[in-house]
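Structure file protein32.cif with mmCIF, C-alpha atoms:
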data_data
#
loop_
_atom_site.label_atom_id
_atom_site.label_comp_id
_atom_site.auth_asym_id
_atom_site.auth_seq_id
_atom_site.Cartn_x
_atom_site.Cartn_y
_atom_site.Cartn_z
CA MET A 1 -12.65 -14.74 26.97
CA ALA A 2 -13.94 -16.82 24.07
CA GLU A 3 -12.95 -20.01 22.31
CA LEU A 4 -12.34 -20.05 18.58
CA THR A 5 -14.27 -22.61 16.57
CA ALA A 6 -13.81 -23.09 12.86
CA THR A 7 -15.10 -25.47 10.22
CA ILE A 8 -13.22 -24.92 7.01
CA GLN A 9 -13.42 -26.33 3.50
CA LEU A 10 -11.25 -24.92 0.74
CA LYS A 11 -10.58 -26.38 -2.69
CA ARG A 12 -8.03 -24.87 -5.05
CA GLY A 13 -7.07 -27.18 -7.88
CA ASP A 14 -5.49 -30.28 -6.33
CA PHE A 15 -5.05 -28.60 -2.94
CA THR A 16 -7.82 -29.06 -0.39
CA VAL A 17 -8.32 -28.05 3.22
CA ASP A 18 -11.11 -29.76 5.12
CA LEU A 19 -10.94 -29.53 8.89
CA VAL A 20 -12.53 -28.54 12.19
CA LEU A 21 -10.60 -26.47 14.75
CA ARG A 22 -11.36 -25.71 18.38
CA CYS A 23 -8.86 -23.37 20.00
CA PRO A 24 -9.50 -22.47 23.65
CA VAL A 25 -7.79 -19.62 25.50
CA GLY A 26 -4.07 -20.36 25.55
CA ILE A 27 -1.57 -21.41 22.91
CA THR A 28 -2.53 -23.79 20.15
CA CYS A 29 0.32 -24.86 17.90
CA VAL A 30 -0.76 -25.87 14.41
CA MET A 31 1.94 -28.16 13.06
CA GLY A 32 2.52 -29.83 9.77
CA PRO A 33 5.00 -30.20 6.94
CA SER A 34 5.43 -27.52 4.30
CA GLY A 35 2.42 -27.26 2.02
CA SER A 36 0.08 -28.92 4.51
CA GLY A 37 -2.15 -25.83 4.69
CA LYS A 38 -0.94 -24.18 7.91
CA SER A 39 -0.73 -20.62 6.61
CA THR A 40 -3.93 -21.08 4.60
CA ILE A 41 -5.76 -21.80 7.85
CA LEU A 42 -4.51 -18.53 9.37
CA GLY A 43 -5.52 -16.69 6.18
CA ILE A 44 -9.05 -18.06 6.47
CA LEU A 45 -9.35 -17.31 10.22
CA SER A 46 -8.17 -13.74 9.66
CA GLY A 47 -10.48 -13.17 6.69
CA LEU A 48 -7.66 -12.62 4.19
CA THR A 49 -8.61 -15.86 2.40
CA LEU A 50 -12.19 -16.83 1.63
CA PRO A 51 -12.86 -20.57 1.98
CA THR A 52 -15.14 -22.50 -0.34
CA SER A 53 -17.44 -23.15 2.59
CA GLY A 54 -17.26 -23.02 6.35
CA ARG A 55 -17.89 -21.17 9.57
CA VAL A 56 -15.55 -19.23 11.87
CA ALA A 57 -16.71 -17.96 15.26
CA LEU A 58 -15.08 -16.51 18.32
CA GLY A 59 -17.40 -17.41 21.17
CA ASP A 60 -20.84 -16.15 20.12
CA THR A 61 -19.45 -13.75 17.52
CA VAL A 62 -19.67 -15.24 14.03
CA TRP A 63 -16.97 -13.88 11.69
CA LEU A 64 -17.75 -16.13 8.77
CA ASP A 65 -20.68 -18.31 7.81
CA ARG A 66 -20.73 -18.92 4.08
CA ALA A 67 -24.07 -20.73 4.26
CA LYS A 68 -25.68 -17.63 5.81
CA GLY A 69 -23.70 -15.13 3.72
CA ILE A 70 -21.83 -13.72 6.75
CA ASN A 71 -18.27 -12.51 6.16
CA VAL A 72 -17.04 -9.86 8.61
CA PRO A 73 -14.34 -7.72 6.88
CA VAL A 74 -10.77 -8.31 8.01
CA HIS A 75 -10.43 -4.91 9.68
CA GLN A 76 -13.54 -5.49 11.78
CA ARG A 77 -12.31 -8.82 13.20
CA ARG A 78 -10.61 -8.11 16.49
CA LEU A 79 -7.43 -10.09 15.87
CA SER A 80 -3.71 -9.65 15.47
CA TYR A 81 -1.66 -11.46 12.87
CA VAL A 82 2.13 -11.69 13.03
CA PHE A 83 3.26 -12.66 9.54
CA GLN A 84 6.29 -14.80 8.76
CA SER A 85 7.82 -11.72 7.10
CA LEU A 86 6.64 -9.64 10.12
CA ALA A 87 5.52 -6.89 7.67
CA LEU A 88 6.64 -4.02 9.89
CA PHE A 89 5.83 -0.83 7.99
CA PRO A 90 9.22 0.36 6.68
CA HIS A 91 8.18 4.03 6.48
CA MET A 92 7.19 4.21 10.16
CA THR A 93 9.20 4.15 13.36
CA ALA A 94 8.74 1.29 15.83
CA LEU A 95 6.50 3.58 17.90
CA HIS A 96 4.28 4.45 14.94
CA ASN A 97 4.13 0.79 13.93
CA VAL A 98 2.80 -0.06 17.38
CA GLU A 99 0.42 2.92 17.46
CA TYR A 100 -1.03 1.89 14.07
CA GLY A 101 -3.23 -0.80 15.62
CA MET A 102 -4.41 1.41 18.48
CA GLN A 103 -7.44 3.02 16.86
CA GLN A 104 -9.57 2.00 19.84
CA VAL A 105 -7.27 3.87 22.26
CA PRO A 106 -7.84 7.65 22.74
CA LYS A 107 -5.23 9.61 20.75
CA ALA A 108 -3.75 11.29 23.80
CA GLU A 109 -2.95 7.94 25.41
CA ARG A 110 -1.55 6.11 22.37
CA GLU A 111 2.07 7.22 22.57
CA ASP A 112 2.44 6.34 26.26
CA LYS A 113 0.77 2.97 25.79
CA ALA A 114 2.86 2.17 22.71
CA LYS A 115 6.06 3.08 24.58
CA ALA A 116 4.98 0.90 27.51
CA LEU A 117 4.38 -2.05 25.16
CA LEU A 118 7.79 -1.62 23.51
CA ASP A 119 9.35 -1.53 26.98
CA ARG A 120 7.36 -4.64 27.95
CA VAL A 121 8.88 -6.65 25.09
CA GLY A 122 12.34 -5.22 25.75
CA VAL A 123 12.80 -2.85 22.82
CA GLY A 124 11.81 0.54 24.28
CA HIS A 125 15.10 1.97 23.03
CA LEU A 126 14.01 1.39 19.41
CA ALA A 127 10.91 3.59 19.64
CA ASN A 128 12.14 6.25 17.24
CA ARG A 129 13.98 3.99 14.82
CA ARG A 130 12.76 2.50 11.57
CA PRO A 131 12.60 -1.29 10.91
CA ARG A 132 15.54 -1.36 8.47
CA THR A 133 17.86 -0.75 11.43
CA PHE A 134 16.47 -3.63 13.55
CA SER A 135 18.13 -7.00 14.06
CA GLY A 136 16.00 -10.13 13.53
CA GLY A 137 15.17 -10.50 17.22
CA GLU A 138 14.39 -6.80 17.64
CA ALA A 139 12.03 -6.87 14.66
CA GLN A 140 10.22 -9.89 16.15
CA ARG A 141 9.75 -8.05 19.45
CA VAL A 142 8.41 -4.92 17.75
CA ALA A 143 6.03 -7.10 15.70
CA LEU A 144 4.81 -8.74 18.93
CA ALA A 145 4.28 -5.33 20.57
CA ARG A 146 2.29 -4.19 17.52
CA ALA A 147 0.16 -7.33 17.69
CA LEU A 148 -0.58 -6.78 21.38
CA ALA A 149 -1.41 -3.09 20.85
CA ARG A 150 -4.59 -3.99 19.02
CA GLN A 151 -5.98 -5.56 22.22
CA PRO A 152 -6.93 -8.61 20.15
CA GLU A 153 -9.41 -11.32 20.98
CA LEU A 154 -7.41 -13.75 18.83
CA ILE A 155 -3.69 -13.80 18.00
CA LEU A 156 -2.28 -15.54 14.93
CA LEU A 157 1.47 -16.17 14.62
CA ASP A 158 2.74 -17.55 11.30
CA GLU A 159 6.17 -19.06 12.02
CA PRO A 160 7.51 -15.74 13.26
CA PHE A 161 10.57 -17.29 14.91
CA SER A 162 11.67 -19.48 12.01
CA ALA A 163 14.54 -17.21 10.93
CA LEU A 164 16.02 -16.79 14.43
CA ASP A 165 18.90 -18.61 16.09
CA ARG A 166 18.21 -20.95 19.01
CA ASP A 167 18.96 -18.48 21.84
CA LEU A 168 16.82 -15.72 20.40
CA ARG A 169 14.04 -18.17 19.68
CA ALA A 170 14.12 -19.39 23.30
CA GLN A 171 13.96 -15.80 24.59
CA LEU A 172 10.93 -15.01 22.45
CA ILE A 173 9.16 -18.24 23.33
CA THR A 174 9.57 -17.32 27.01
CA LEU A 175 8.20 -13.85 26.27
CA VAL A 176 5.14 -15.21 24.46
CA ARG A 177 4.53 -17.69 27.29
CA GLU A 178 4.58 -14.78 29.76
CA LEU A 179 2.29 -12.57 27.69
CA VAL A 180 -0.49 -14.99 26.76
CA PRO A 181 -1.91 -15.58 30.25
CA GLU A 182 -2.05 -11.78 30.72
CA LEU A 183 -4.14 -11.45 27.56
CA GLY A 184 -6.45 -14.41 28.18
CA VAL A 185 -7.18 -15.02 24.49
CA PRO A 186 -6.62 -17.92 22.07
CA LEU A 187 -3.25 -17.72 20.32
CA ILE A 188 -2.67 -19.88 17.25
CA HIS A 189 0.96 -20.45 16.46
CA VAL A 190 1.90 -22.09 13.18
CA THR A 191 5.20 -23.93 13.20
CA HIS A 192 6.95 -26.99 11.84
CA SER A 193 9.44 -27.05 14.74
CA VAL A 194 8.69 -29.86 17.19
CA ALA A 195 10.93 -28.32 19.87
CA GLU A 196 9.18 -24.94 19.56
CA ALA A 197 5.76 -26.57 19.80
CA ARG A 198 6.77 -28.53 22.93
CA GLN A 199 7.97 -25.36 24.65
CA LEU A 200 5.02 -23.18 23.65
CA ALA A 201 1.86 -25.17 23.23
CA ASP A 202 -1.05 -25.85 25.55
CA GLN A 203 -2.64 -27.76 22.68
CA ILE A 204 -1.23 -29.22 19.48
CA VAL A 205 -3.12 -29.63 16.21
CA ARG A 206 -1.19 -31.72 13.69
CA ILE A 207 -2.31 -31.39 10.12
CA ASP A 208 -1.30 -33.05 6.91
CA ARG A 209 -2.58 -32.34 3.39
CA GLY A 210 -5.22 -30.00 4.72
CA ARG A 211 -6.67 -32.42 7.29
CA VAL A 212 -6.29 -32.73 11.05
CA VAL A 213 -4.41 -35.93 11.89
CA ALA A 214 -4.08 -35.46 15.67
CA THR A 215 -5.19 -33.05 18.40
CA GLY A 216 -4.25 -32.99 22.07
CA LYS A 217 -1.68 -32.07 24.70
CA PRO A 218 1.95 -31.81 23.48
CA ALA A 219 2.95 -34.86 25.55
CA GLU A 220 0.26 -36.95 23.82
CA VAL A 221 0.53 -35.74 20.24
CA LEU A 222 4.31 -35.36 20.12
CA ALA A 223 5.28 -38.48 22.06
CA GLY A 224 8.30 -39.93 20.31
CA VAL A 225 8.22 -37.29 17.56
CA THR A 226 11.51 -35.50 16.91
CA THR A 227 10.87 -34.01 13.52
CA LEU A 228 8.00 -33.59 11.07
CA GLU A 229 8.28 -35.29 7.73
CA GLU A 230 8.63 -32.69 4.99
CA MET B 1 16.30 38.36 -22.65
CA ASN B 2 12.53 38.11 -22.20
CA TRP B 3 11.92 35.93 -19.12
CA ALA B 4 8.10 36.14 -19.16
CA PRO B 5 7.64 33.03 -21.41
CA LEU B 6 9.83 30.95 -19.09
CA VAL B 7 7.96 32.14 -15.98
CA LEU B 8 4.65 31.35 -17.68
CA SER B 9 5.89 27.88 -18.67
CA LEU B 10 7.03 27.15 -15.11
CA GLU B 11 3.63 28.25 -13.74
CA VAL B 12 1.77 26.10 -16.26
CA ALA B 13 4.09 23.13 -15.65
CA LEU B 14 3.73 23.35 -11.87
CA LEU B 15 -0.06 23.61 -11.85
CA SER B 16 -0.53 20.97 -14.55
CA MET B 17 1.78 18.65 -12.62
CA VAL B 18 -0.41 19.02 -9.52
CA LEU B 19 -3.56 18.41 -11.59
CA ALA B 20 -2.06 15.39 -13.38
CA LEU B 21 -0.81 14.03 -10.06
CA VAL B 22 -4.19 14.14 -8.33
CA VAL B 23 -6.10 12.70 -11.30
CA GLY B 24 -3.33 10.30 -12.33
CA VAL B 25 -2.86 8.74 -8.88
CA ALA B 26 -6.64 8.30 -8.55
CA PHE B 27 -6.70 6.53 -11.95
CA ALA B 28 -3.69 4.39 -10.99
CA VAL B 29 -5.40 3.28 -7.77
CA MET B 30 -8.56 2.40 -9.73
CA LEU B 31 -6.54 0.49 -12.32
CA ASP B 32 -4.76 -1.39 -9.53
CA ALA B 33 -8.09 -2.99 -8.56
CA LYS B 34 -8.02 -6.44 -10.17
CA TRP B 35 -11.83 -6.66 -10.21
CA MET B 36 -12.32 -3.53 -12.31
CA ILE B 37 -14.39 -4.26 -15.41
CA GLY B 38 -12.82 -3.08 -18.68
CA ARG B 39 -9.52 -2.35 -16.95
CA ASP B 40 -7.35 -2.84 -20.04
CA PHE B 41 -9.55 -0.62 -22.19
CA PHE B 42 -9.68 2.12 -19.54
CA GLU B 43 -5.92 2.02 -19.11
CA ALA B 44 -5.44 2.26 -22.87
CA LEU B 45 -7.80 5.26 -22.94
CA VAL B 46 -5.94 7.03 -20.11
CA CYS B 47 -2.58 6.38 -21.78
CA ALA B 48 -3.77 7.36 -25.28
CA PRO B 49 -1.98 10.76 -25.10
CA LEU B 50 1.27 8.81 -25.41
CA VAL B 51 0.38 7.60 -28.89
CA LEU B 52 -2.00 10.25 -30.26
CA PRO B 53 -0.64 13.29 -32.13
CA PRO B 54 -0.88 16.54 -30.13
CA THR B 55 -3.21 17.97 -32.77
CA VAL B 56 -5.69 15.14 -32.24
CA LEU B 57 -5.60 15.60 -28.45
CA GLY B 58 -5.92 19.34 -28.90
CA TYR B 59 -8.92 18.82 -31.17
CA TYR B 60 -10.64 16.59 -28.59
CA LEU B 61 -9.98 19.13 -25.84
CA LEU B 62 -11.30 21.99 -27.98
CA VAL B 63 -14.47 20.01 -28.66
CA THR B 64 -14.86 18.98 -24.99
CA LEU B 65 -13.94 22.26 -23.32
CA GLY B 66 -14.73 24.85 -26.03
CA THR B 67 -17.34 27.58 -25.67
CA ASP B 68 -19.92 25.44 -27.49
CA SER B 69 -19.48 22.46 -25.14
CA ALA B 70 -21.51 21.82 -21.98
CA ILE B 71 -18.36 21.96 -19.81
CA GLY B 72 -17.19 25.15 -21.51
CA ARG B 73 -20.58 26.85 -21.05
CA ALA B 74 -20.83 25.77 -17.40
CA TRP B 75 -17.31 27.08 -16.70
CA GLU B 76 -18.11 30.39 -18.43
CA SER B 77 -21.31 30.89 -16.44
CA LEU B 78 -19.45 30.15 -13.19
CA THR B 79 -16.28 32.16 -13.76
CA GLY B 80 -17.08 34.58 -16.60
CA THR B 81 -14.03 33.31 -18.53
CA THR B 82 -13.43 30.59 -21.10
CA ILE B 83 -11.29 27.49 -20.60
CA VAL B 84 -9.87 27.48 -24.10
CA PHE B 85 -7.43 30.19 -25.17
CA SER B 86 -6.61 30.96 -21.55
CA PHE B 87 -4.14 30.08 -18.80
CA THR B 88 -6.62 27.46 -17.52
CA GLY B 89 -6.68 25.86 -20.98
CA ALA B 90 -2.87 25.74 -21.06
CA VAL B 91 -2.78 24.01 -17.66
CA ILE B 92 -5.41 21.44 -18.66
CA ALA B 93 -3.73 20.81 -22.02
CA ALA B 94 -0.35 20.19 -20.39
CA ALA B 95 -1.94 18.01 -17.68
CA VAL B 96 -3.69 15.80 -20.24
CA GLY B 97 -0.42 15.34 -22.12
CA SER B 98 1.43 14.30 -18.97
CA LEU B 99 -1.35 12.22 -17.40
CA PRO B 100 -0.18 8.86 -18.84
CA LEU B 101 3.30 9.39 -17.41
CA VAL B 102 1.86 9.86 -13.91
CA VAL B 103 -0.52 6.91 -14.26
CA ARG B 104 2.16 4.53 -15.51
CA SER B 105 4.76 5.59 -12.92
CA ALA B 106 2.22 5.47 -10.08
CA ARG B 107 1.11 2.01 -11.18
CA VAL B 108 4.70 0.78 -11.08
CA GLY B 109 4.95 2.24 -7.56
CA LEU B 110 1.68 0.64 -6.46
CA GLU B 111 2.59 -2.76 -7.88
CA ALA B 112 5.90 -2.62 -5.97
CA VAL B 113 4.10 -2.43 -2.61
CA ASP B 114 4.47 -5.79 -0.86
CA PRO B 115 0.92 -7.17 -0.25
CA SER B 116 1.99 -8.32 3.22
CA TYR B 117 2.05 -4.66 4.36
CA VAL B 118 -1.51 -4.23 3.10
CA ASN B 119 -2.59 -7.44 4.85
CA ALA B 120 -0.82 -6.39 8.06
CA ALA B 121 -2.63 -3.03 8.02
CA ARG B 122 -5.98 -4.74 7.44
CA THR B 123 -5.45 -7.15 10.32
CA LEU B 124 -4.50 -4.17 12.51
CA GLY B 125 -8.00 -2.79 11.98
CA ALA B 126 -7.36 -0.28 9.20
CA SER B 127 -10.26 0.45 6.84
CA PRO B 128 -9.55 0.27 3.07
CA ALA B 129 -9.22 4.08 2.90
CA ARG B 130 -6.80 4.16 5.84
CA VAL B 131 -4.74 1.37 4.29
CA LEU B 132 -4.55 3.37 1.05
CA PHE B 133 -3.51 6.68 2.59
CA THR B 134 -1.24 5.46 5.39
CA VAL B 135 0.43 2.40 3.86
CA VAL B 136 -0.08 1.98 0.11
CA LEU B 137 0.49 5.55 -1.11
CA PRO B 138 3.49 6.28 1.18
CA LEU B 139 5.15 3.03 0.06
CA ALA B 140 4.33 3.77 -3.59
CA ALA B 141 5.75 7.28 -3.20
CA PRO B 142 8.92 6.72 -5.25
CA GLY B 143 6.83 5.80 -8.30
CA ILE B 144 4.45 8.69 -7.67
CA TYR B 145 7.31 11.20 -7.27
CA ALA B 146 8.90 9.89 -10.45
CA GLY B 147 5.60 10.38 -12.25
CA ALA B 148 5.36 13.93 -10.90
CA MET B 149 8.85 14.71 -12.15
CA LEU B 150 8.11 13.35 -15.60
CA ALA B 151 4.79 15.25 -15.68
CA PHE B 152 6.56 18.51 -14.82
CA ALA B 153 9.23 17.95 -17.46
CA ARG B 154 6.65 16.96 -20.09
CA ALA B 155 4.48 20.00 -19.29
CA LEU B 156 7.44 22.37 -19.36
CA GLY B 157 8.26 21.34 -22.89
CA ASP B 158 4.70 20.99 -24.21
CA TYR B 159 4.05 22.68 -27.53
CA GLY B 160 1.39 21.04 -29.66
CA ILE B 161 -1.55 20.55 -27.30
CA THR B 162 -0.95 23.90 -25.57
CA GLN B 163 -0.95 25.74 -28.87
CA MET B 164 -4.16 24.01 -30.00
CA VAL B 165 -6.06 24.64 -26.75
CA ALA B 166 -4.54 27.86 -25.36
CA GLY B 167 -3.38 29.53 -28.56
CA GLN B 168 -0.16 31.44 -29.22
CA MET B 169 -0.65 34.01 -26.45
CA ILE B 170 -1.92 33.63 -22.89
CA ASN B 171 -2.69 37.01 -21.30
CA GLY B 172 -0.38 38.51 -23.90
CA THR B 173 2.48 36.09 -23.26
CA GLU B 174 3.68 32.93 -25.03
CA THR B 175 4.92 29.83 -23.23
CA ALA B 176 8.65 29.20 -23.59
CA SER B 177 8.28 26.48 -26.23
CA ILE B 178 5.91 28.64 -28.33
CA HIS B 179 8.30 31.57 -27.85
CA VAL B 180 11.14 29.52 -29.39
CA MET B 181 9.01 28.70 -32.43
CA ASN B 182 7.76 32.29 -32.85
CA ALA B 183 11.26 33.71 -32.40
CA LEU B 184 12.71 31.28 -34.96
CA TYR B 185 10.07 32.00 -37.61
CA GLY B 186 10.20 35.73 -36.79
CA GLY B 187 13.89 35.85 -37.65
CA ASN B 188 15.00 36.24 -34.01
CA GLU B 189 17.47 33.37 -33.98
CA VAL B 190 19.31 34.71 -30.91
CA GLY B 191 16.07 34.81 -28.91
CA ALA B 192 15.24 31.21 -29.96
CA ARG B 193 18.72 30.02 -29.07
CA ASN B 194 18.80 31.79 -25.68
CA MET B 195 15.39 30.46 -24.65
CA SER B 196 16.35 26.93 -25.79
CA ILE B 197 19.53 27.00 -23.71
CA VAL B 198 17.76 28.41 -20.64
CA MET B 199 14.98 25.79 -20.91
CA THR B 200 17.56 23.01 -21.19
CA ILE B 201 19.43 24.28 -18.11
CA VAL B 202 16.22 24.70 -16.09
CA GLY B 203 14.85 21.28 -17.13
CA VAL B 204 18.05 19.32 -16.47
CA THR B 205 18.70 21.14 -13.17
CA MET B 206 15.19 20.47 -11.89
CA LEU B 207 15.34 16.79 -12.85
CA THR B 208 18.76 16.42 -11.19
CA LEU B 209 17.54 18.02 -7.97
CA SER B 210 14.39 15.91 -8.05
CA ASN B 211 16.41 12.72 -8.47
CA ARG B 212 18.55 13.61 -5.45
CA TRP B 213 15.50 14.48 -3.39
CA LEU B 214 13.80 11.27 -4.48
CA ARG B 215 16.68 9.19 -3.13
CA ARG B 216 16.49 11.05 0.20
CA VAL B 217 12.75 10.64 0.72
CA ASN B 218 12.51 6.96 -0.28
CA PRO B 219 10.27 5.49 2.47
CA ARG B 220 12.23 2.24 2.45
CA GLY B 221 15.38 4.36 2.71
#

What's the structure tokens form of this structure?
Amino acid sequence: MAELTATIQLKRGDFTVDLVLRCPVGITCVMGPSGSGKSTILGILSGLTLPTSGRVALGDTVWLDRAKGINVPVHQRRLSYVFQSLALFPHMTALHNVEYGMQQVPKAEREDKAKALLDRVGVGHLANRRPRTFSGGEAQRVALARALARQPELILLDEPFSALDRDLRAQLITLVRELVPELGVPLIHVTHSVAEARQLADQIVRIDRGRVVATGKPAEVLAGVTTLEE
Amino acid sequence: MNWAPLVLSLEVALLSMVLALVVGVAFAVMLDAKWMIGRDFFEALVCAPLVLPPTVLGYYLLVTLGTDSAIGRAWESLTGTTIVFSFTGAVIAAAVGSLPLVVRSARVGLEAVDPSYVNAARTLGASPARVLFTVVLPLAAPGIYAGAMLAFARALGDYGITQMVAGQMINGTETASIHVMNALYGGNEVGARNMSIVMTIVGVTMLTLSNRWLRRVNPRG
């Protein structure tokens, strides 16, 4: 599986992002205080936000190269994005939410595979229920199952655990840690929680005001750090 | 009591609602595109029936769809009938009158759709058309249903444009609103009163039922 490389420059009024990212297979936690550009980076990697200039590539596949006029549409980039709001479709059941990203799977197999994924993340019993009936933790699990259903080559998580209590957060962190090696793809997890980053990350990228200030193993980058300055 | 005008009005209202719904939702989707050039002008044009007198709209339709117009001649050569002074003309007239109500309601529905659902669908590999039909329109459904209801009610009570484009009689029958006017000026006050009461009951009942149904089918329910 491929490494993600990105060179990004974005200027919007006073706000600028100017950084280089290398995310190998495994979990990269992008950390920084609010307004440091964390979610903007995910927007650019996914194709939802167009940078002023830059290049985004997954292995040999170039998704964006502004200098060469390349910009692969969002729906053609093989990635999954778990939003902070989760964005589970409210008019679909959990099963249909998971099946939504399974266009590459033959129709006859989708339901069984979606059910298996819901079982895998521990919410098989919710298959025929709609998101408004889910608890916070259940919704997170369904969102994870939906993200995995796409068989992505890159996974983006935008602070999906921020609204959960400590126990639920720990359970989901364990689940993500179990799932990522099975997938063998880069996973970029945006967070401002130092504890979460320590538990999850293979690599930490600390950013501030749109620039990378430190990159490395959690033990190196987060040595002595207990909280990020907001 | 003569029920034929009411039946004709319900037929015209139903078909014109379907027509206004298809065209109106398509316009609303187009107008939702921020990049559209001349968006404000186009929206004003689509919503002009709200501010123009029925006689003016009727005049435009007669000129556009009449037997001397290109559309009118093409329709006549295809079907052997005319658009104006016919059932088809009544349906089109009522649809044009109710189009702005559908467009405005559908736009409210579309604007209420949280962009994060659209972004989620895109990142899950859905093409723009799939996003529209499987996420945006189902989530905008309350606004679209409301527009359909208003279109039906507006078409049921249409008088001016229908009379200009379809005339007093369609296949020998008046619509209910024209029947009330003809009965009143023909000295048949009882007939005018009865039809008015029946139309009020039918209109209010249908809107009440639609409101209940709308609450049940709300996708966010």

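With only C-alpha atoms as the atoms that count, the minimum distance from chain B to the choices A:Pro90, A:Pro73, A:Gly37, A:Gly54 is reached by A:Pro90.
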
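If only C-alpha atoms are the atoms counted, then among B:Leu214, B:Leu78, B:Met36, B:Leu62 the closest residue to B:Ala90 is B:Leu62.
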
May I have a table of the residues of chain A lying at most 10 Å from chain B, giving each one's closest pair of atoms and their distance in Å to one decimal, counting only C-alpha atoms, ordered by chain and ascending residue number, as JSON lines?
{"residue": "A:Gly43", "atom": "CA", "partner": "B:Asn119", "partner_atom": "CA", "distance": 9.8}
{"residue": "A:Ser46", "atom": "CA", "partner": "B:Thr123", "partner_atom": "CA", "distance": 7.2}
{"residue": "A:Gly47", "atom": "CA", "partner": "B:Thr123", "partner_atom": "CA", "distance": 8.6}
{"residue": "A:Leu48", "atom": "CA", "partner": "B:Asn119", "partner_atom": "CA", "distance": 7.3}
{"residue": "A:Pro73", "atom": "CA", "partner": "B:Arg122", "partner_atom": "CA", "distance": 8.9}
{"residue": "A:Val74", "atom": "CA", "partner": "B:Thr123", "partner_atom": "CA", "distance": 5.9}
{"residue": "A:His75", "atom": "CA", "partner": "B:Gly125", "partner_atom": "CA", "distance": 4.0}
{"residue": "A:Gln76", "atom": "CA", "partner": "B:Gly125", "partner_atom": "CA", "distance": 6.2}
{"residue": "A:Arg77", "atom": "CA", "partner": "B:Gly125", "partner_atom": "CA", "distance": 7.5}
{"residue": "A:Arg78", "atom": "CA", "partner": "B:Gly125", "partner_atom": "CA", "distance": 7.4}
{"residue": "A:Leu79", "atom": "CA", "partner": "B:Thr123", "partner_atom": "CA", "distance": 6.6}
{"residue": "A:Ser80", "atom": "CA", "partner": "B:Thr123", "partner_atom": "CA", "distance": 6.0}
{"residue": "A:Tyr81", "atom": "CA", "partner": "B:Thr123", "partner_atom": "CA", "distance": 6.3}
{"residue": "A:Val82", "atom": "CA", "partner": "B:Ala120", "partner_atom": "CA", "distance": 7.8}
{"residue": "A:Phe83", "atom": "CA", "partner": "B:Ala120", "partner_atom": "CA", "distance": 7.6}
{"residue": "A:Gln84", "atom": "CA", "partner": "B:Ser116", "partner_atom": "CA", "distance": 9.5}
{"residue": "A:Ser85", "atom": "CA", "partner": "B:Ser116", "partner_atom": "CA", "distance": 7.8}
{"residue": "A:Leu86", "atom": "CA", "partner": "B:Ala120", "partner_atom": "CA", "distance": 8.4}
{"residue": "A:Ala87", "atom": "CA", "partner": "B:Tyr117", "partner_atom": "CA", "distance": 5.3}
{"residue": "A:Leu88", "atom": "CA", "partner": "B:Tyr117", "partner_atom": "CA", "distance": 7.2}
{"residue": "A:Phe89", "atom": "CA", "partner": "B:Tyr117", "partner_atom": "CA", "distance": 6.5}
{"residue": "A:Pro90", "atom": "CA", "partner": "B:Arg220", "partner_atom": "CA", "distance": 5.5}
{"residue": "A:His91", "atom": "CA", "partner": "B:Pro219", "partner_atom": "CA", "distance": 4.8}
{"residue": "A:Met92", "atom": "CA", "partner": "B:Pro219", "partner_atom": "CA", "distance": 8.4}
{"residue": "A:Asn97", "atom": "CA", "partner": "B:Ala121", "partner_atom": "CA", "distance": 9.8}
{"residue": "A:Val98", "atom": "CA", "partner": "B:Leu124", "partner_atom": "CA", "distance": 9.7}
{"residue": "A:Glu99", "atom": "CA", "partner": "B:Leu124", "partner_atom": "CA", "distance": 9.9}
{"residue": "A:Tyr100", "atom": "CA", "partner": "B:Leu124", "partner_atom": "CA", "distance": 7.2}
{"residue": "A:Gly101", "atom": "CA", "partner": "B:Leu124", "partner_atom": "CA", "distance": 4.8}
{"residue": "A:Met102", "atom": "CA", "partner": "B:Leu124", "partner_atom": "CA", "distance": 8.2}
{"residue": "A:Gln103", "atom": "CA", "partner": "B:Gly125", "partner_atom": "CA", "distance": 7.6}
{"residue": "A:Gln104", "atom": "CA", "partner": "B:Gly125", "partner_atom": "CA", "distance": 9.3}
{"residue": "A:Arg130", "atom": "CA", "partner": "B:Arg220", "partner_atom": "CA", "distance": 9.1}
{"residue": "A:Pro131", "atom": "CA", "partner": "B:Arg220", "partner_atom": "CA", "distance": 9.2}
{"residue": "A:Arg132", "atom": "CA", "partner": "B:Arg220", "partner_atom": "CA", "distance": 7.8}
{"residue": "A:Arg146", "atom": "CA", "partner": "B:Leu124", "partner_atom": "CA", "distance": 8.4}
{"residue": "A:Ala147", "atom": "CA", "partner": "B:Leu124", "partner_atom": "CA", "distance": 7.7}
{"residue": "A:Ala149", "atom": "CA", "partner": "B:Leu124", "partner_atom": "CA", "distance": 9.0}
{"residue": "A:Arg150", "atom": "CA", "partner": "B:Leu124", "partner_atom": "CA", "distance": 6.5}
{"residue": "A:Gln151", "atom": "CA", "partner": "B:Leu124", "partner_atom": "CA", "distance": 9.9}
{"residue": "A:Pro152", "atom": "CA", "partner": "B:Leu124", "partner_atom": "CA", "distance": 9.2}

With the file shown as input, list the residues that the PyMOL selection byres ((chain B and resi 96) around 9) selects, as JSON, numbers by chain. {"B": [16, 20, 49, 57, 91, 92, 93, 94, 95, 97, 98, 99, 100, 161]}

List as a PyMOL selection string the residues having at least one atom at most 12 Å from position (13.2, 9.8, 18.4) as given in the file, counting only C-alpha atoms. chain A and resi 92-96+115+124-130

Nearest to A:Arg120 among A:Glu196, A:Asp208, A:Asp65, A:Glu178, with distances taken over only C-alpha atoms: which residue is it? A:Glu178
